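Peer 1: What follows is work-v9.pdb, PDB, C-alpha atoms.
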ATOM      1  CA  MET F1093       0.000   0.000   0.000  1.00  0.00           C
ATOM      2  CA  SER F1094       1.515   3.278  -1.038  1.00  0.00           C
ATOM      3  CA  SER F1095      -0.582   5.291   1.401  1.00  0.00           C
ATOM      4  CA  TRP F1096      -2.894   4.588   4.322  1.00  0.00           C
ATOM      5  CA  PHE F1097      -4.823   7.671   3.226  1.00  0.00           C
ATOM      6  CA  GLU F1098      -5.410   6.041  -0.170  1.00  0.00           C
ATOM      7  CA  ARG F1099      -6.782   3.021   1.661  1.00  0.00           C
ATOM      8  CA  LEU F1100      -9.092   5.229   3.748  1.00  0.00           C
ATOM      9  CA  LYS F1101     -10.335   6.862   0.541  1.00  0.00           C
ATOM     10  CA  GLU F1102     -10.988   3.412  -1.013  1.00  0.00           C
ATOM     11  CA  LEU F1103     -13.046   2.536   2.076  1.00  0.00           C
ATOM     12  CA  GLY F1104     -14.939   5.831   1.974  1.00  0.00           C
ATOM     13  CA  ILE F1105     -13.571   6.828   5.383  1.00  0.00           C
ATOM     14  CA  GLU F1106     -12.468  10.327   6.299  1.00  0.00           C
ATOM     15  CA  LEU F1107     -10.469  10.984   9.446  1.00  0.00           C
ATOM     16  CA  PRO F1108     -12.124  13.481  11.788  1.00  0.00           C
ATOM     17  CA  GLN F1109     -10.411  16.478  13.315  1.00  0.00           C
ATOM     18  CA  VAL F1110      -8.481  15.605  16.466  1.00  0.00           C
ATOM     19  CA  ALA F1111     -10.867  15.542  19.409  1.00  0.00           C
ATOM     20  CA  ALA F1112     -10.065  18.207  21.978  1.00  0.00           C
ATOM     21  CA  PRO F1113      -8.879  16.746  25.299  1.00  0.00           C
ATOM     22  CA  VAL F1114     -11.497  16.838  28.063  1.00  0.00           C
ATOM     23  CA  ALA F1115      -8.845  17.204  30.804  1.00  0.00           C
ATOM     24  CA  ALA F1116      -5.092  17.852  31.278  1.00  0.00           C
ATOM     25  CA  TYR F1117      -3.447  15.572  28.700  1.00  0.00           C
ATOM     26  CA  VAL F1118      -2.396  15.472  25.052  1.00  0.00           C
ATOM     27  CA  PRO F1119      -4.132  13.316  22.418  1.00  0.00           C
ATOM     28  CA  ALA F1120      -0.953  11.345  21.593  1.00  0.00           C
ATOM     29  CA  ILE F1121       2.766  11.183  22.293  1.00  0.00           C
ATOM     30  CA  GLN F1122       5.685   9.677  20.427  1.00  0.00           C
ATOM     31  CA  VAL F1123       8.088   7.448  22.346  1.00  0.00           C
ATOM     32  CA  GLY F1124      10.927   6.225  20.143  1.00  0.00           C
ATOM     33  CA  GLN F1125       9.357   4.479  17.148  1.00  0.00           C
ATOM     34  CA  GLN F1126       5.916   4.234  18.744  1.00  0.00           C
ATOM     35  CA  VAL F1127       2.949   6.531  19.169  1.00  0.00           C
ATOM     36  CA  TRP F1128       0.680   6.042  22.186  1.00  0.00           C
ATOM     37  CA  THR F1129      -2.718   7.690  22.123  1.00  0.00           C
ATOM     38  CA  SER F1130      -4.665   8.864  25.115  1.00  0.00           C
ATOM     39  CA  GLY F1131      -8.013   7.190  25.544  1.00  0.00           C
ATOM     40  CA  GLN F1132     -10.297   8.459  22.808  1.00  0.00           C
ATOM     41  CA  LEU F1133     -14.041   8.785  23.185  1.00  0.00           C
ATOM     42  CA  PRO F1134     -16.426   8.480  20.217  1.00  0.00           C
ATOM     43  CA  PHE F1135     -16.823  12.224  19.698  1.00  0.00           C
ATOM     44  CA  VAL F1136     -18.480  13.391  16.494  1.00  0.00           C
ATOM     45  CA  ASP F1137     -18.178  17.134  15.930  1.00  0.00           C
ATOM     46  CA  GLY F1138     -17.327  17.651  19.604  1.00  0.00           C
ATOM     47  CA  GLU F1139     -20.361  15.732  20.911  1.00  0.00           C
ATOM     48  CA  LEU F1140     -20.981  12.195  22.106  1.00  0.00           C
ATOM     49  CA  PRO F1141     -23.845  10.965  19.902  1.00  0.00           C
ATOM     50  CA  VAL F1142     -24.521   8.019  22.234  1.00  0.00           C
ATOM     51  CA  VAL F1143     -24.165   7.791  26.016  1.00  0.00           C
ATOM     52  CA  GLY F1144     -24.884   5.148  28.619  1.00  0.00           C
ATOM     53  CA  LYS F1145     -23.841   1.718  29.770  1.00  0.00           C
ATOM     54  CA  VAL F1146     -23.577  -1.188  27.357  1.00  0.00           C
ATOM     55  CA  ALA F1147     -25.985  -4.063  27.938  1.00  0.00           C
ATOM     56  CA  ASP F1148     -27.314  -7.084  26.086  1.00  0.00           C
ATOM     57  CA  THR F1149     -30.564  -6.022  24.442  1.00  0.00           C
ATOM     58  CA  THR F1150     -32.232  -9.145  25.835  1.00  0.00           C
ATOM     59  CA  ASP F1151     -31.531  -7.832  29.343  1.00  0.00           C
ATOM     60  CA  ILE F1152     -32.782  -4.268  28.896  1.00  0.00           C
ATOM     61  CA  ASP F1153     -35.800  -2.275  27.841  1.00  0.00           C
ATOM     62  CA  VAL F1154     -34.591  -0.937  24.472  1.00  0.00           C
ATOM     63  CA  ALA F1155     -36.595   2.239  25.058  1.00  0.00           C
ATOM     64  CA  ASP F1156     -34.432   2.969  28.123  1.00  0.00           C
ATOM     65  CA  THR F1157     -31.921   5.508  26.815  1.00  0.00           C
ATOM     66  CA  SER F1158     -29.519   4.963  29.722  1.00  0.00           C
ATOM     67  CA  TYR F1159     -28.397   1.728  28.035  1.00  0.00           C
ATOM     68  CA  VAL F1160     -26.592   1.166  24.757  1.00  0.00           C
ATOM     69  CA  SER F1161     -26.929  -1.975  22.629  1.00  0.00           C
ATOM     70  CA  VAL F1162     -23.875  -4.040  21.748  1.00  0.00           C
ATOM     71  CA  ASP F1163     -24.220  -3.137  18.056  1.00  0.00           C
ATOM     72  CA  LYS F1164     -24.443   0.587  18.814  1.00  0.00           C
ATOM     73  CA  ALA F1165     -21.465   0.357  21.201  1.00  0.00           C
ATOM     74  CA  LYS F1166     -19.448  -1.476  18.536  1.00  0.00           C
ATOM     75  CA  GLU F1167     -20.135   1.444  16.155  1.00  0.00           C
ATOM     76  CA  GLN F1168     -18.974   3.849  18.870  1.00  0.00           C
ATOM     77  CA  ALA F1169     -15.737   1.865  19.285  1.00  0.00           C
ATOM     78  CA  ARG F1170     -15.154   2.313  15.570  1.00  0.00           C
ATOM     79  CA  ILE F1171     -15.676   6.088  15.860  1.00  0.00           C
ATOM     80  CA  ALA F1172     -13.344   6.293  18.885  1.00  0.00           C
ATOM     81  CA  THR F1173     -10.712   4.408  16.869  1.00  0.00           C
ATOM     82  CA  LEU F1174     -10.981   6.935  14.044  1.00  0.00           C
ATOM     83  CA  ASN F1175     -10.423   9.647  16.653  1.00  0.00           C
ATOM     84  CA  ALA F1176      -7.321   7.794  17.865  1.00  0.00           C
ATOM     85  CA  LEU F1177      -6.023   7.530  14.288  1.00  0.00           C
ATOM     86  CA  ALA F1178      -6.639  11.268  13.868  1.00  0.00           C
ATOM     87  CA  ALA F1179      -4.480  11.872  16.960  1.00  0.00           C
ATOM     88  CA  VAL F1180      -1.718   9.707  15.463  1.00  0.00           C
ATOM     89  CA  ASP F1181      -2.004  11.524  12.151  1.00  0.00           C
ATOM     90  CA  SER F1182      -1.793  14.958  13.766  1.00  0.00           C
ATOM     91  CA  LEU F1183       1.405  13.993  15.568  1.00  0.00           C
ATOM     92  CA  VAL F1184       3.398  12.009  12.991  1.00  0.00           C
ATOM     93  CA  GLY F1185       1.251  11.528   9.886  1.00  0.00           C
ATOM     94  CA  LEU F1186      -0.772   8.377   9.336  1.00  0.00           C
ATOM     95  CA  ASP F1187       1.383   7.281   6.409  1.00  0.00           C
ATOM     96  CA  ASN F1188       4.304   6.895   8.832  1.00  0.00           C
ATOM     97  CA  VAL F1189       2.537   4.033  10.631  1.00  0.00           C
ATOM     98  CA  ALA F1190       4.164   0.651  10.031  1.00  0.00           C
ATOM     99  CA  ARG F1191       1.730  -1.389  12.125  1.00  0.00           C
ATOM    100  CA  VAL F1192      -0.758  -1.335  14.949  1.00  0.00           C
ATOM    101  CA  VAL F1193       0.818  -2.821  18.082  1.00  0.00           C
ATOM    102  CA  LYS F1194      -1.971  -2.757  20.674  1.00  0.00           C
ATOM    103  CA  VAL F1195      -5.565  -1.716  21.240  1.00  0.00           C
ATOM    104  CA  VAL F1196      -7.024  -1.171  24.693  1.00  0.00           C
ATOM    105  CA  GLY F1197     -10.790  -0.865  24.809  1.00  0.00           C
ATOM    106  CA  PHE F1198     -12.819   0.164  27.831  1.00  0.00           C
ATOM    107  CA  VAL F1199     -16.537  -0.588  27.825  1.00  0.00           C
ATOM    108  CA  SER F1200     -18.915   1.059  30.288  1.00  0.00           C
ATOM    109  CA  SER F1201     -20.786  -2.084  31.270  1.00  0.00           C
ATOM    110  CA  ALA F1202     -24.189  -2.637  32.811  1.00  0.00           C
ATOM    111  CA  ALA F1203     -24.312  -5.161  35.647  1.00  0.00           C
ATOM    112  CA  GLY F1204     -23.913  -8.669  34.291  1.00  0.00           C
ATOM    113  CA  PHE F1205     -22.662  -7.598  30.842  1.00  0.00           C
ATOM    114  CA  HIS F1206     -19.789  -9.806  29.647  1.00  0.00           C
ATOM    115  CA  GLY F1207     -19.616  -8.962  25.948  1.00  0.00           C
ATOM    116  CA  GLN F1208     -16.755  -6.453  26.048  1.00  0.00           C
ATOM    117  CA  PRO F1209     -14.682  -8.305  23.397  1.00  0.00           C
ATOM    118  CA  GLY F1210     -17.531  -8.026  20.886  1.00  0.00           C
ATOM    119  CA  VAL F1211     -17.794  -4.291  21.466  1.00  0.00           C
ATOM    120  CA  VAL F1212     -14.055  -3.712  21.073  1.00  0.00           C
ATOM    121  CA  ASN F1213     -14.198  -5.702  17.833  1.00  0.00           C
ATOM    122  CA  GLY F1214     -15.499  -2.433  16.364  1.00  0.00           C
ATOM    123  CA  ALA F1215     -11.976  -1.067  16.786  1.00  0.00           C
ATOM    124  CA  SER F1216     -10.129  -4.224  15.752  1.00  0.00           C
ATOM    125  CA  GLU F1217     -12.190  -4.833  12.632  1.00  0.00           C
ATOM    126  CA  LEU F1218     -11.732  -1.230  11.468  1.00  0.00           C
ATOM    127  CA  LEU F1219      -7.963  -1.455  11.923  1.00  0.00           C
ATOM    128  CA  GLY F1220      -7.953  -4.672   9.901  1.00  0.00           C
ATOM    129  CA  GLU F1221      -9.940  -2.994   7.111  1.00  0.00           C
ATOM    130  CA  ILE F1222      -7.516  -0.090   6.955  1.00  0.00           C
ATOM    131  CA  PHE F1223      -4.133  -1.668   7.652  1.00  0.00           C
ATOM    132  CA  GLY F1224      -4.663  -5.301   6.589  1.00  0.00           C
ATOM    133  CA  GLU F1225      -2.002  -7.541   8.110  1.00  0.00           C
ATOM    134  CA  ALA F1226      -0.294  -4.489   9.633  1.00  0.00           C
ATOM    135  CA  GLY F1227      -3.509  -3.918  11.585  1.00  0.00           C
ATOM    136  CA  GLN F1228      -3.268  -7.212  13.492  1.00  0.00           C
ATOM    137  CA  HIS F1229      -2.572  -6.327  17.111  1.00  0.00           C
ATOM    138  CA  ALA F1230      -2.513  -7.366  20.741  1.00  0.00           C
ATOM    139  CA  ARG F1231      -5.613  -6.233  22.620  1.00  0.00           C
ATOM    140  CA  SER F1232      -7.389  -5.800  25.923  1.00  0.00           C
ATOM    141  CA  ALA F1233     -11.165  -5.406  26.276  1.00  0.00           C
ATOM    142  CA  VAL F1234     -12.037  -4.204  29.760  1.00  0.00           C
ATOM    143  CA  GLY F1235     -15.444  -3.703  31.358  1.00  0.00           C
ATOM    144  CA  VAL F1236     -15.672  -0.675  33.632  1.00  0.00           C
ATOM    145  CA  ALA F1237     -18.367   0.879  35.814  1.00  0.00           C
ATOM    146  CA  GLU F1238     -18.141   4.390  34.333  1.00  0.00           C
ATOM    147  CA  LEU F1239     -16.341   6.304  31.595  1.00  0.00           C
ATOM    148  CA  PRO F1240     -15.859  10.056  31.162  1.00  0.00           C
ATOM    149  CA  LEU F1241     -18.969  11.992  30.089  1.00  0.00           C
ATOM    150  CA  ASN F1242     -21.030   8.764  30.300  1.00  0.00           C
ATOM    151  CA  SER F1243     -19.389   7.478  27.111  1.00  0.00           C
ATOM    152  CA  PRO F1244     -20.123   3.826  26.336  1.00  0.00           C
ATOM    153  CA  VAL F1245     -16.551   3.168  25.098  1.00  0.00           C
ATOM    154  CA  GLU F1246     -13.013   4.504  25.171  1.00  0.00           C
ATOM    155  CA  ILE F1247     -10.196   3.314  22.885  1.00  0.00           C
ATOM    156  CA  GLU F1248      -6.394   3.619  23.178  1.00  0.00           C
ATOM    157  CA  LEU F1249      -3.908   2.715  20.433  1.00  0.00           C
ATOM    158  CA  ILE F1250      -0.212   2.003  20.285  1.00  0.00           C
ATOM    159  CA  VAL F1251       1.286   2.068  16.792  1.00  0.00           C
ATOM    160  CA  GLU F1252       4.798   1.441  15.512  1.00  0.00           C
ATOM    161  CA  LEU F1253       6.302   3.888  13.064  1.00  0.00           C
ATOM    162  CA  ALA F1254       8.146   2.987   9.902  1.00  0.00           C
ATOM    163  CA  ALA F1255      11.927   3.140  10.203  1.00  0.00           C
ATOM    164  CA  GLU F1256      12.049   5.307   7.090  1.00  0.00           C
ATOM    165  CA  ARG F1257       9.318   7.859   6.856  1.00  0.00           C
ATOM    166  CA  PRO F1258       7.833   8.863   3.485  1.00  0.00           C
TER     167      PRO F1258
END
Can you give me the file's structure in the form of structure tokens?
Peer 2:
Amino acid sequence: MSSWFERLKELGIELPQVAAPVAAYVPAIQVGQQVWTSGQLPFVDGELPVVGKVADTTDIDVADTSYVSVDKAKEQARIATLNALAAVDSLVGLDNVARVVKVVGFVSSAAGFHGQPGVVNGASELLGEIFGEAGQHARSAVGVAELPLNSPVEIELIVELAAERP
């Protein structure tokens, strides 16, 4: 692949603007040949389009807006991952990425919810679509009681940079 941006264009995906930090941190830092992102929420135009705890739809009243379905949370993980890639791009340029090393996904989980890996698949599958084999990564999918701003998911990335940059 000559350019990750060409691949994004083929997929019809546009990177968003870097999400503004909601506290005292930076969106990403470079350490040697790696970039580590801060946890990214699924902001769209500065807003969280979906909030609440993730639950199996069989266990909740789908009209209850304090809960988020697994499918909707998986979409939010995808959006948060695009925000993480935007942070990488703003720091070093996306085309300098050699591979994705690790994904950490946090899922705000309703009591008894155990489907965190399926939610974080939204991030992993997107990275596979974009980076192919270079998108295969180590991963953690963690259920938590609460996330900032009542977000259903938060995603962190670690990427390795190419030795020679374009």
Peer 1: Tell me which protein, DNA and RNA residues are within 12 Å of Trp1096 (chain F), counting all atoms listed in the file, leaving out same-chain ones fewer than 3 positions away, and put them as a list in words.
Peer 2: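 In the requested form, the answer reads Met1093, Arg1099, Leu1100, Lys1101, Glu1102, Leu1103, Ile1105, Glu1106, Leu1107, Leu1177, Asp1181, Gly1185, Leu1186, Asp1187, Asn1188, Val1189, Ala1190, Arg1191, Leu1219, Gly1220, Glu1221, Ile1222, Phe1223, Gly1224, Ala1226, Gly1227 and Pro1258 of chain F.
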Peer 1: Using only C-alpha atoms, which residue out of F:Gln1126, F:Pro1244, F:Val1184, F:Gln1109 lies closest to Ser1161 (chain F)?
Peer 2: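 Counting only C-alpha atoms, the residue closest to Ser1161 (chain F) is F:Pro1244.
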Peer 1: Please, what distance in Å, to one decimal, runs between CA of Val1195 (chain F) and CA of Ser1232 (chain F)?
Peer 2: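 Distance reported for this atom pair: 6.5 Å.
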Peer 1: For Ala1112 (chain F), work out the shell of residues within 12 Å, counting all atoms listed in the file and skipping chain neighbours fewer than 2 positions away, then give it as a ChimeraX atom specification.
Peer 2: /F:1108-1110,1114-1120,1130-1139,1175-1176,1178-1179
Peer 1: Counting all atoms listed in the file, select every polymer residue within 12 Å of (10.5, 9.2, 20.1) as defined in the file's coordinates, and provide the selection as number ranges by chain.
Peer 2: F: 1120-1128, 1183-1184, 1252-1253, 1255
Peer 1: Taking the file as I've supplied it (selection: the PyMOL selection byres ((chain F and resi 1167-1172) around 7)), which residues are included? Please answer as a PDB file with C-alpha atoms, keeping the file's coordinate frame.
Peer 2:
ATOM      1  CA  GLN F1132     -10.297   8.459  22.808  1.00  0.00           C
ATOM      2  CA  LEU F1133     -14.041   8.785  23.185  1.00  0.00           C
ATOM      3  CA  PRO F1134     -16.426   8.480  20.217  1.00  0.00           C
ATOM      4  CA  PHE F1135     -16.823  12.224  19.698  1.00  0.00           C
ATOM      5  CA  ASP F1163     -24.220  -3.137  18.056  1.00  0.00           C
ATOM      6  CA  LYS F1164     -24.443   0.587  18.814  1.00  0.00           C
ATOM      7  CA  ALA F1165     -21.465   0.357  21.201  1.00  0.00           C
ATOM      8  CA  LYS F1166     -19.448  -1.476  18.536  1.00  0.00           C
ATOM      9  CA  THR F1173     -10.712   4.408  16.869  1.00  0.00           C
ATOM     10  CA  LEU F1174     -10.981   6.935  14.044  1.00  0.00           C
ATOM     11  CA  ASN F1175     -10.423   9.647  16.653  1.00  0.00           C
ATOM     12  CA  ALA F1176      -7.321   7.794  17.865  1.00  0.00           C
ATOM     13  CA  VAL F1211     -17.794  -4.291  21.466  1.00  0.00           C
ATOM     14  CA  VAL F1212     -14.055  -3.712  21.073  1.00  0.00           C
ATOM     15  CA  GLY F1214     -15.499  -2.433  16.364  1.00  0.00           C
ATOM     16  CA  ALA F1215     -11.976  -1.067  16.786  1.00  0.00           C
ATOM     17  CA  LEU F1218     -11.732  -1.230  11.468  1.00  0.00           C
ATOM     18  CA  VAL F1245     -16.551   3.168  25.098  1.00  0.00           C
ATOM     19  CA  GLU F1246     -13.013   4.504  25.171  1.00  0.00           C
ATOM     20  CA  ILE F1247     -10.196   3.314  22.885  1.00  0.00           C
TER      21      ILE F1247
END
Peer 1: One number please: CA of Ser1200 (chain F) to CA of Ser1182 (chain F), in Å, one decimal.
Peer 2: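 For CA of Ser1200 (chain F) relative to CA of Ser1182 (chain F), the distance reads 27.6 Å.
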Peer 1: Please determine, counting only C-alpha atoms, which residue among F:Val1180, F:Ala1147, F:Val1192, F:Val1142 has the shortest atom-to-atom distance to Gln1208 (chain F).
Peer 2: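 Between F:Val1180, F:Ala1147, F:Val1192, F:Val1142, the residue approaching Gln1208 (chain F) most closely is F:Ala1147.
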Peer 1: Show which residues sit within 12 Å of Ala1203 (chain F), as a PyMOL selection string. Count only C-alpha atoms, and ignore same-chain residues fewer than 2 positions away.
Peer 2: chain F and resi 1145-1148+1151-1152+1159+1199-1201+1205-1207+1235-1238
Peer 1: Return as lines of an AutoDock Vina configuration file the centre and edge lengths, in Å with one decimal, of the box along x, y and z that encloses every atom of region 1101-1117 of chain F in the file, padded by 4 Å per side.
Peer 2:
center_x = -9.2
center_y = 10.4
center_z = 15.1
size_x = 19.5
size_y = 23.7
size_z = 40.3
Peer 1: Enter the distance from CA of His1229 (chain F) to CA of Glu1217 (chain F), in Å, rounded to one decimal.
Peer 2: 10.7 Å
